[in-house]
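upload_10.cif (mmCIF, C-alpha atoms)
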data_input
loop_
_atom_site.label_atom_id
_atom_site.label_comp_id
_atom_site.auth_asym_id
_atom_site.auth_seq_id
_atom_site.Cartn_x
_atom_site.Cartn_y
_atom_site.Cartn_z
CA MET A 10 0.00 0.00 0.00
CA ASN A 11 1.52 3.29 -1.11
CA LYS A 12 0.77 5.51 1.89
CA LYS A 13 2.49 8.51 0.30
CA ASN A 14 -0.01 8.85 -2.56
CA PHE A 15 -2.92 7.27 -0.66
CA LYS A 16 -6.28 8.90 -1.36
CA SER A 17 -9.20 8.94 1.03
CA GLY A 18 -12.41 10.80 1.67
CA PHE A 19 -16.12 10.81 2.42
CA VAL A 20 -18.79 10.53 -0.26
CA ALA A 21 -22.42 11.33 0.62
CA LEU A 22 -25.18 9.42 -1.20
CA ILE A 23 -28.30 11.56 -1.32
CA GLY A 24 -31.65 11.30 -3.08
CA ARG A 25 -35.38 10.77 -2.71
CA PRO A 26 -36.66 7.67 -0.89
CA ASN A 27 -36.38 4.35 -2.71
CA VAL A 28 -33.90 5.39 -5.43
CA GLY A 29 -31.46 2.61 -4.46
CA LYS A 30 -28.86 4.29 -2.21
CA SER A 31 -28.66 1.37 0.23
CA THR A 32 -28.46 -1.17 -2.61
CA LEU A 33 -25.53 0.80 -4.04
CA LEU A 34 -23.78 0.92 -0.65
CA ASN A 35 -24.06 -2.86 -0.27
CA LYS A 36 -22.78 -3.44 -3.82
CA VAL A 37 -19.74 -1.17 -3.33
CA VAL A 38 -18.60 -2.75 -0.05
CA GLY A 39 -19.37 -6.27 -1.27
CA GLN A 40 -21.73 -7.35 1.49
CA LYS A 41 -25.05 -6.43 3.03
CA ILE A 42 -24.71 -3.72 5.69
CA ALA A 43 -27.71 -1.50 4.83
CA ILE A 44 -31.26 -2.81 4.73
CA MET A 45 -33.37 -2.65 1.60
CA SER A 46 -37.07 -2.80 0.85
CA ASP A 47 -39.43 -1.34 -1.71
CA LYS A 48 -41.02 0.79 1.02
CA ALA A 49 -39.95 4.43 1.10
CA GLN A 50 -37.93 5.79 4.04
CA THR A 51 -36.36 2.42 4.89
CA THR A 52 -33.05 4.00 5.96
CA ARG A 53 -33.41 6.07 9.14
CA ASN A 54 -29.90 6.57 10.48
CA ARG A 55 -26.77 7.58 8.64
CA ILE A 56 -24.78 4.46 7.71
CA GLN A 57 -21.17 4.52 6.53
CA GLY A 58 -19.85 1.82 4.23
CA VAL A 59 -16.10 1.58 3.71
CA TYR A 60 -14.43 0.66 0.41
CA THR A 61 -10.66 0.08 0.62
CA ASP A 62 -8.17 -0.95 -2.04
CA ALA A 63 -4.37 -0.72 -2.40
CA ASP A 64 -4.23 3.03 -2.95
CA SER A 65 -7.47 4.48 -1.57
CA GLN A 66 -10.25 4.38 0.98
CA VAL A 67 -13.69 5.73 0.10
CA VAL A 68 -16.18 6.11 2.95
CA PHE A 69 -19.71 6.14 1.51
CA ILE A 70 -22.40 7.76 3.66
CA ASP A 71 -25.87 6.34 3.02
CA THR A 72 -28.55 8.82 4.08
CA PRO A 73 -32.31 8.70 4.68
CA GLY A 74 -34.37 9.60 1.61
CA ILE A 75 -35.39 13.26 1.31
CA HIS A 76 -39.11 13.47 2.10
CA LYS A 77 -41.66 15.72 3.82
CA PRO A 78 -41.47 14.92 7.56
CA LYS A 79 -44.64 14.06 9.49
CA HIS A 80 -43.22 13.48 12.99
CA ALA A 81 -40.08 13.92 15.10
CA LEU A 82 -38.48 10.81 13.58
CA GLY A 83 -39.09 12.24 10.09
CA ASN A 84 -37.51 15.55 11.10
CA PHE A 85 -34.51 13.69 12.48
CA MET A 86 -34.15 11.68 9.24
CA LEU A 87 -34.23 14.84 7.12
CA LYS A 88 -31.70 16.58 9.36
CA THR A 89 -29.47 13.47 9.19
CA ALA A 90 -29.57 13.46 5.38
CA TYR A 91 -28.67 17.16 5.03
CA SER A 92 -26.02 17.11 7.77
CA SER A 93 -24.25 14.26 5.93
CA LEU A 94 -23.40 16.73 3.17
CA GLN A 95 -21.26 18.78 5.56
CA GLY A 96 -17.69 17.51 5.53
CA ALA A 97 -18.19 15.35 2.43
CA ASP A 98 -15.42 15.38 -0.18
CA ALA A 99 -17.89 14.51 -2.95
CA VAL A 100 -21.65 14.11 -3.22
CA CYS A 101 -23.54 11.57 -5.33
CA VAL A 102 -27.12 12.49 -6.19
CA VAL A 103 -28.95 9.23 -6.90
CA VAL A 104 -32.05 9.29 -9.14
CA ASN A 105 -34.29 6.63 -10.64
CA ALA A 106 -33.92 6.05 -14.40
CA ALA A 107 -37.39 4.53 -14.52
CA GLU A 108 -39.11 7.67 -13.16
CA LYS A 109 -39.42 11.18 -14.55
CA ILE A 110 -37.60 13.98 -12.75
CA GLY A 111 -39.75 15.44 -9.97
CA PRO A 112 -39.74 18.30 -7.45
CA GLY A 113 -38.01 16.03 -4.91
CA ASP A 114 -35.07 15.43 -7.26
CA ARG A 115 -34.76 19.17 -7.93
CA LEU A 116 -34.79 19.92 -4.20
CA VAL A 117 -32.06 17.36 -3.53
CA ILE A 118 -29.84 18.83 -6.28
CA GLU A 119 -30.39 22.41 -5.02
CA ARG A 120 -29.27 21.35 -1.52
CA ALA A 121 -26.31 19.35 -2.86
CA LYS A 122 -25.08 22.28 -4.99
CA ASN A 123 -24.51 24.38 -1.85
CA VAL A 124 -21.75 22.10 -0.58
CA GLN A 125 -19.06 23.27 -3.03
CA VAL A 126 -17.54 19.81 -3.65
CA PRO A 127 -17.58 17.66 -6.82
CA LEU A 128 -21.15 16.62 -7.58
CA PHE A 129 -21.86 13.30 -9.31
CA LEU A 130 -25.20 12.33 -10.86
CA LEU A 131 -26.05 8.63 -10.63
CA ILE A 132 -28.89 7.50 -12.89
CA ASN A 133 -29.76 4.27 -11.09
CA LYS A 134 -31.93 1.28 -12.07
CA ILE A 135 -30.79 1.26 -15.72
CA ASP A 136 -31.55 -2.50 -15.66
CA LEU A 137 -35.26 -1.52 -15.73
CA VAL A 138 -35.15 0.65 -18.88
CA SER A 139 -33.79 0.64 -22.45
CA PRO A 140 -30.53 2.45 -23.43
CA GLU A 141 -32.65 5.10 -25.21
CA GLN A 142 -34.62 5.71 -22.02
CA VAL A 143 -31.37 6.11 -20.07
CA LEU A 144 -30.28 8.93 -22.39
CA GLN A 145 -33.72 10.53 -22.09
CA ALA A 146 -33.53 10.24 -18.28
CA ILE A 147 -30.18 12.09 -18.15
CA GLU A 148 -31.29 15.05 -20.30
CA PRO A 149 -33.55 16.94 -17.79
CA TYR A 150 -30.80 16.94 -15.12
CA LYS A 151 -28.03 18.49 -17.24
CA ASP A 152 -29.09 22.12 -16.71
CA LEU A 153 -29.71 21.79 -12.96
CA ALA A 154 -26.07 21.60 -11.86
CA ASP A 155 -22.50 21.46 -13.08
CA PHE A 156 -21.98 17.73 -12.49
CA ALA A 157 -18.37 16.51 -12.35
CA GLN A 158 -19.50 13.23 -13.95
CA VAL A 159 -22.74 11.44 -14.80
CA PHE A 160 -22.90 7.67 -14.32
CA PRO A 161 -25.82 5.53 -15.50
CA ILE A 162 -25.64 2.57 -13.09
CA SER A 163 -27.48 -0.47 -11.84
CA ALA A 164 -26.78 -0.75 -8.12
CA LEU A 165 -28.56 -4.12 -8.14
CA GLU A 166 -26.65 -5.68 -11.05
CA GLY A 167 -23.41 -3.74 -10.52
CA ASN A 168 -23.31 -2.10 -13.98
CA ASN A 169 -20.81 0.82 -14.00
CA VAL A 170 -20.31 0.64 -10.22
CA PRO A 171 -16.52 -0.06 -10.49
CA GLU A 172 -16.26 2.85 -12.96
CA LEU A 173 -18.11 5.08 -10.48
CA VAL A 174 -15.67 4.18 -7.69
CA GLU A 175 -12.71 4.99 -9.98
CA GLY A 176 -14.33 8.33 -10.91
CA LEU A 177 -14.75 9.21 -7.23
CA LYS A 178 -11.16 8.26 -6.41
CA GLU A 179 -9.97 10.79 -8.99
CA VAL A 180 -11.55 13.72 -7.11
CA LEU A 181 -10.64 12.62 -3.56
CA PRO A 182 -7.72 14.30 -1.78
CA GLN A 183 -4.63 12.54 -0.51
CA GLY A 184 -5.30 11.49 3.05
CA PRO A 185 -5.07 8.85 5.76
CA GLN A 186 -6.67 5.43 5.96
CA TYR A 187 -9.52 6.08 8.42
CA TYR A 188 -10.58 2.45 8.95
CA PRO A 189 -8.76 -0.92 8.94
CA ALA A 190 -8.69 -2.47 5.46
CA ASP A 191 -11.09 -5.27 6.44
CA GLN A 192 -13.72 -2.99 8.03
CA VAL A 193 -16.78 -2.37 5.83
CA MET A 194 -19.05 -0.34 8.15
CA ASP A 195 -18.91 2.18 10.96
CA HIS A 196 -21.82 0.87 13.04
CA PRO A 197 -21.49 -1.81 15.74
CA GLU A 198 -22.89 -5.23 14.90
CA TYR A 199 -25.92 -4.91 17.18
CA PHE A 200 -27.11 -1.90 15.13
CA VAL A 201 -27.00 -3.91 11.90
CA VAL A 202 -28.66 -6.90 13.61
CA ALA A 203 -31.56 -4.64 14.68
CA GLU A 204 -31.79 -3.25 11.15
CA PHE A 205 -31.93 -6.74 9.61
CA ILE A 206 -34.86 -7.63 11.90
CA ARG A 207 -36.64 -4.37 10.98
CA GLU A 208 -36.08 -5.11 7.29
CA LYS A 209 -37.94 -8.43 7.59
CA VAL A 210 -40.86 -6.65 9.28
CA LEU A 211 -40.90 -4.16 6.37
CA ILE A 212 -40.92 -6.97 3.83
CA LEU A 213 -43.46 -9.25 5.49
CA THR A 214 -46.09 -6.98 7.08
CA ARG A 215 -48.95 -4.95 5.71
CA GLU A 216 -48.87 -1.26 4.82
CA GLU A 217 -50.08 0.02 8.22
CA VAL A 218 -47.17 -1.46 10.18
CA PRO A 219 -43.74 -0.71 8.61
CA HIS A 220 -43.12 2.94 9.52
CA SER A 221 -44.39 2.43 13.07
CA VAL A 222 -41.74 -0.21 13.78
CA ALA A 223 -38.41 0.08 15.57
CA VAL A 224 -36.12 -2.70 16.80
CA LYS A 225 -33.84 -2.69 19.83
CA VAL A 226 -31.28 -5.42 20.51
CA GLU A 227 -31.24 -5.90 24.27
CA SER A 228 -28.42 -8.45 24.48
CA MET A 229 -25.96 -10.40 22.31
CA VAL A 230 -23.95 -13.09 24.12
CA ARG A 231 -22.47 -16.48 23.32
CA ASN A 232 -24.49 -19.18 25.10
CA GLU A 233 -23.55 -22.64 26.41
CA ASP A 234 -24.45 -24.18 23.01
CA ASP A 235 -21.74 -21.98 21.42
CA LYS A 236 -24.33 -19.92 19.56
CA ILE A 237 -24.67 -16.14 19.57
CA GLU A 238 -27.85 -15.63 21.61
CA ILE A 239 -29.68 -12.44 20.64
CA HIS A 240 -32.67 -10.98 22.47
CA ALA A 241 -34.42 -8.20 20.56
CA VAL A 242 -37.61 -6.17 21.01
CA ILE A 243 -39.79 -5.11 18.09
CA ILE A 244 -41.50 -1.86 19.08
CA VAL A 245 -44.82 -0.74 17.56
CA GLU A 246 -47.27 2.08 18.28
CA ARG A 247 -50.56 0.16 18.56
CA ALA A 248 -51.84 -3.14 19.96
CA SER A 249 -53.34 -4.01 16.55
CA GLN A 250 -49.84 -3.76 15.01
CA LYS A 251 -48.50 -6.08 17.70
CA GLY A 252 -51.13 -8.61 16.68
CA ILE A 253 -50.10 -8.37 13.02
CA ILE A 254 -46.41 -8.89 13.81
CA ILE A 255 -47.04 -11.87 16.08
CA GLY A 256 -49.52 -13.31 13.57
CA LYS A 257 -51.93 -16.24 13.90
CA GLN A 258 -50.47 -18.75 16.38
CA GLY A 259 -47.18 -16.80 16.24
CA GLN A 260 -46.56 -17.65 12.59
CA MET A 261 -45.55 -14.13 11.47
CA ILE A 262 -42.97 -13.53 14.19
CA LYS A 263 -41.51 -16.99 13.50
CA LYS A 264 -41.16 -16.09 9.83
CA ILE A 265 -39.56 -12.72 10.69
CA GLY A 266 -37.12 -14.47 13.04
CA LYS A 267 -36.21 -17.19 10.54
CA MET A 268 -35.49 -14.73 7.71
CA ALA A 269 -33.57 -12.33 9.97
CA ARG A 270 -31.51 -15.12 11.49
CA ARG A 271 -30.29 -16.15 8.02
CA ASP A 272 -28.89 -12.63 7.34
CA ILE A 273 -27.48 -12.24 10.86
CA GLU A 274 -25.61 -15.57 10.64
CA LYS A 275 -24.08 -14.43 7.36
CA LEU A 276 -23.05 -11.10 8.93
CA LEU A 277 -21.54 -12.65 12.07
CA ALA A 278 -20.25 -15.83 10.34
CA ASP A 279 -21.62 -17.76 13.31
CA LYS A 280 -24.64 -19.78 14.45
CA VAL A 281 -27.36 -17.61 16.00
CA TYR A 282 -30.24 -18.14 18.42
CA LEU A 283 -32.69 -15.26 17.94
CA ASP A 284 -35.39 -14.45 20.49
CA LEU A 285 -37.94 -11.78 19.48
CA PHE A 286 -40.51 -9.94 21.63
CA VAL A 287 -43.09 -7.34 20.57
CA GLN A 288 -43.80 -4.27 22.71
CA VAL A 289 -46.27 -1.39 22.29
CA GLN A 290 -44.93 2.15 22.87
CA LYS A 291 -47.56 4.69 21.83
CA SER A 292 -46.32 7.57 19.64
CA TRP A 293 -42.65 6.56 20.05
CA ARG A 294 -41.77 8.39 16.80
CA ASP A 295 -42.68 11.72 18.41
CA ARG A 296 -40.92 11.23 21.76
CA MET A 297 -37.30 12.34 21.98
CA THR A 298 -36.57 9.98 24.90
CA ASN A 299 -37.87 7.01 22.87
CA LEU A 300 -35.85 8.03 19.81
CA GLN A 301 -32.63 8.37 21.81
CA ASP A 302 -33.28 5.08 23.60
CA LEU A 303 -33.59 3.39 20.20
CA GLY A 304 -30.21 4.68 19.05
CA TYR A 305 -31.17 7.59 16.79
CA GLU A 306 -28.26 10.01 17.07
CA LEU A 307 -29.98 13.23 18.01
CA ASP A 308 -26.87 15.30 18.86
CA ASN A 309 -27.48 17.67 15.94
CA TYR A 310 -31.25 17.52 16.08
#
Could you spell out this file's structure in C-alpha cells?
Amino acid sequence: MNKKNFKSGFVALIGRPNVGKSTLLNKVVGQKIAIMSDKAQTTRNRIQGVYTDADSQVVFIDTPGIHKPKHALGNFMLKTAYSSLQGADAVCVVVNAAEKIGPGDRLVIERAKNVQVPLFLLINKIDLVSPEQVLQAIEPYKDLADFAQVFPISALEGNNVPELVEGLKEVLPQGPQYYPADQVMDHPEYFVVAEFIREKVLILTREEVPHSVAVKVESMVRNEDDKIEIHAVIIVERASQKGIIIGKQGQMIKKIGKMARRDIEKLLADKVYLDLFVQVQKSWRDRMTNLQDLGYELDNY
C-alpha cells in the first residue's frame, strides 16, 4: 500500500426515498450492511460503508431519503440526510432512471449544490429501462447543476459501479486510511442486527405497520451451546400492530425471526439463536426519549 499517494475521503449518497442508495452501498462494499425494501424511508440513520483498495479508501455515507417529515423521527431523518453533506469530499445524487424527474429530485440537487464539492449524478436502475430511455432520463438533469460526472448505473446488477468508484477516487484528496482495510461499516454489529430484523418486518407486514416499527437489541452473548444468543424487542405504536407482527399462532414472528436469522448468521459468520418480543410504545416516533433510547443520534437535532 503506497501511503504517500494514498487517497481517502467521504462521499455522501443523497436522493429521494427508494432510489437505491442502500443497494448501491451494499454493492460497493461487497456485502449487506444496509437494509433494503421497496417501502420508502427504509433508511433512518446515517450508515457509513467503507471501500478500501491498495491506494485508496472511500467512505460512503448512506442517508435517509429526502421526504416531507410528518413526525419527530421524520424531522430527524431529514436533518441526518442534510447534515451528511457537511464535511463530504464529494456528493452523489442518486435518481431513478425509470421515473421522470420530480420536485423532490430538484430539491435534492439544489441542496447538494450548496456544498461546493464535486457533484456526481447517478442515474440508477438502468436495468429496468432501455438504453434510449437512459439517455432521455439524463437530459432533464443536465441544466440543474454542473456535475463533475454522470454515471448511468445499476446498483442491483453492478453495472458501471466499479467505474463510479474509480471516478470518485480521482476527485478525492490525498489522506489517511480512516478504517482498517477489512472494516466495511462504521456501526457496531448490534445496530446492523436490529436493522436486519426491521427489514424483515418491512418486507413481510402490511402497509399500516412498517413505519411504526423500531427494533432494539437488548443483548448479544455467546451461550452454552456456542451460539450467539440475541434478544431483541420489536416496538410498535398500537396493539393491533403487535397482533399483526405476532400473527396467527405466532406464525408471522416466526417467519420474521427465521429470515432475519439467516442474514445475521451471514453477517456474524456464526450460528445464531434469535429471540424476538413485541412491545407497544404509543407515539414513540414523536418522543425524543424514545428516539434516543432506540439509538437515533440526536446530537445535531
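Here the PyMOL selection byres ((chain A and resi 136-143) around 7) catches exactly these residues: Ala106, Ala107, Lys134, Ile135, Leu144, Gln145, Ala146, Ile147 and Ser163 of chain A.
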**Request:** Take the PyMOL selection byres ((chain A and resi 280) around 10), apply it to the structure above, and return the hits as a PyMOL selection string.
**Result:** chain A and resi 231+234-238+270-271+273-275+277-279+281-283
**Prompt:** Where does the PyMOL selection byres ((chain A and resi 60) around 8) land in this file, that is, which residues does it pick, as a list in words?
**Reply:** Val37, Val38, Gly58, Val59, Thr61, Asp62, Gln66, Val67, Val68, Phe69 and Val193 of chain A
**Request:** Just the residues within 12 Å of stretch 170-181 of chain A, please, counting all atoms listed in the file, with nothing from its chain fewer than 6 positions along; format it as a VMD selection string.
**Result:** chain A and resid 14 to 21 32 to 39 59 to 69 97 to 101 126 to 135 157 to 164
Could you write out that same residue set with C-alpha atoms as a PDB file, in the frame of the given file?
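Once everything was written out, this is part35.pdb:
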ATOM      1  CA  ASN A  14      -0.010   8.850  -2.560  1.00  0.00           C
ATOM      2  CA  PHE A  15      -2.920   7.270  -0.660  1.00  0.00           C
ATOM      3  CA  LYS A  16      -6.280   8.900  -1.360  1.00  0.00           C
ATOM      4  CA  SER A  17      -9.200   8.940   1.030  1.00  0.00           C
ATOM      5  CA  GLY A  18     -12.410  10.800   1.670  1.00  0.00           C
ATOM      6  CA  PHE A  19     -16.120  10.810   2.420  1.00  0.00           C
ATOM      7  CA  VAL A  20     -18.790  10.530  -0.260  1.00  0.00           C
ATOM      8  CA  ALA A  21     -22.420  11.330   0.620  1.00  0.00           C
ATOM      9  CA  THR A  32     -28.460  -1.170  -2.610  1.00  0.00           C
ATOM     10  CA  LEU A  33     -25.530   0.800  -4.040  1.00  0.00           C
ATOM     11  CA  LEU A  34     -23.780   0.920  -0.650  1.00  0.00           C
ATOM     12  CA  ASN A  35     -24.060  -2.860  -0.270  1.00  0.00           C
ATOM     13  CA  LYS A  36     -22.780  -3.440  -3.820  1.00  0.00           C
ATOM     14  CA  VAL A  37     -19.740  -1.170  -3.330  1.00  0.00           C
ATOM     15  CA  VAL A  38     -18.600  -2.750  -0.050  1.00  0.00           C
ATOM     16  CA  GLY A  39     -19.370  -6.270  -1.270  1.00  0.00           C
ATOM     17  CA  VAL A  59     -16.100   1.580   3.710  1.00  0.00           C
ATOM     18  CA  TYR A  60     -14.430   0.660   0.410  1.00  0.00           C
ATOM     19  CA  THR A  61     -10.660   0.080   0.620  1.00  0.00           C
ATOM     20  CA  ASP A  62      -8.170  -0.950  -2.040  1.00  0.00           C
ATOM     21  CA  ALA A  63      -4.370  -0.720  -2.400  1.00  0.00           C
ATOM     22  CA  ASP A  64      -4.230   3.030  -2.950  1.00  0.00           C
ATOM     23  CA  SER A  65      -7.470   4.480  -1.570  1.00  0.00           C
ATOM     24  CA  GLN A  66     -10.250   4.380   0.980  1.00  0.00           C
ATOM     25  CA  VAL A  67     -13.690   5.730   0.100  1.00  0.00           C
ATOM     26  CA  VAL A  68     -16.180   6.110   2.950  1.00  0.00           C
ATOM     27  CA  PHE A  69     -19.710   6.140   1.510  1.00  0.00           C
ATOM     28  CA  ALA A  97     -18.190  15.350   2.430  1.00  0.00           C
ATOM     29  CA  ASP A  98     -15.420  15.380  -0.180  1.00  0.00           C
ATOM     30  CA  ALA A  99     -17.890  14.510  -2.950  1.00  0.00           C
ATOM     31  CA  VAL A 100     -21.650  14.110  -3.220  1.00  0.00           C
ATOM     32  CA  CYS A 101     -23.540  11.570  -5.330  1.00  0.00           C
ATOM     33  CA  VAL A 126     -17.540  19.810  -3.650  1.00  0.00           C
ATOM     34  CA  PRO A 127     -17.580  17.660  -6.820  1.00  0.00           C
ATOM     35  CA  LEU A 128     -21.150  16.620  -7.580  1.00  0.00           C
ATOM     36  CA  PHE A 129     -21.860  13.300  -9.310  1.00  0.00           C
ATOM     37  CA  LEU A 130     -25.200  12.330 -10.860  1.00  0.00           C
ATOM     38  CA  LEU A 131     -26.050   8.630 -10.630  1.00  0.00           C
ATOM     39  CA  ILE A 132     -28.890   7.500 -12.890  1.00  0.00           C
ATOM     40  CA  ASN A 133     -29.760   4.270 -11.090  1.00  0.00           C
ATOM     41  CA  LYS A 134     -31.930   1.280 -12.070  1.00  0.00           C
ATOM     42  CA  ILE A 135     -30.790   1.260 -15.720  1.00  0.00           C
ATOM     43  CA  ALA A 157     -18.370  16.510 -12.350  1.00  0.00           C
ATOM     44  CA  GLN A 158     -19.500  13.230 -13.950  1.00  0.00           C
ATOM     45  CA  VAL A 159     -22.740  11.440 -14.800  1.00  0.00           C
ATOM     46  CA  PHE A 160     -22.900   7.670 -14.320  1.00  0.00           C
ATOM     47  CA  PRO A 161     -25.820   5.530 -15.500  1.00  0.00           C
ATOM     48  CA  ILE A 162     -25.640   2.570 -13.090  1.00  0.00           C
ATOM     49  CA  SER A 163     -27.480  -0.470 -11.840  1.00  0.00           C
ATOM     50  CA  ALA A 164     -26.780  -0.750  -8.120  1.00  0.00           C
TER      51      ALA A 164
END
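Taking atom CA of A:Ile110 and atom CA of A:Asp152 as the two end points, the separation is 12.4 Å.
With atom CA of A:Ile118 on one side and atom CA of A:Asn169 on the other, the separation reads 21.6 Å.
The closest residue to A:Met268, picked from A:Ser249, A:Gln290, A:Lys209, A:Ile243 and counting all atoms listed in the file, is A:Lys209.
For the set A:Gly167, A:Ile255, A:Arg247, A:Ile23, the residue with the smallest atom-to-atom gap to A:Lys122 is A:Ile23, counting all atoms listed in the file.
Distances here use only C-alpha atoms; by that measure, the residue among A:Ile262, A:Val124, A:Val104, A:Val289 closest to A:Leu213 is A:Ile262.
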Listed atoms of stretch 181-187 of chain A boxed along x, y and z, 4 Å each side, centre and edge lengths in Å, one decimal, as JSON:
{"center_x": -7.6, "center_y": 9.9, "center_z": 2.4, "size_x": 14.0, "size_y": 16.9, "size_z": 20.0}
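For the choices A:Lys13, A:Gln186, A:Arg115, A:Val222, the atom-to-atom distance to A:Lys151 is smallest for A:Arg115 when using all atoms listed in the file.
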**Message:** Quick check, in Å to one decimal: how far apart do atom CA of A:Gly111 and atom CA of A:Leu22 lie?
**Reply:** 18.0 Å
**Item:** Residues within 10 Å of A:Val226, all atoms listed in the file, excluding chain neighbours under 4 positions, as a ChimeraX atom specification
**Value:** /A:199-204,206,239-243,284-285,303
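Of the listed residues A:Lys264, A:Lys225, A:Arg25, A:Lys30, the one whose atoms come nearest to A:Ile212 is A:Lys264, with distances taken using all atoms listed in the file.
The closest residue to A:Val102, picked from A:Glu148, A:Gly29, A:Leu165, A:Ala190 and counting all atoms listed in the file, is A:Gly29.
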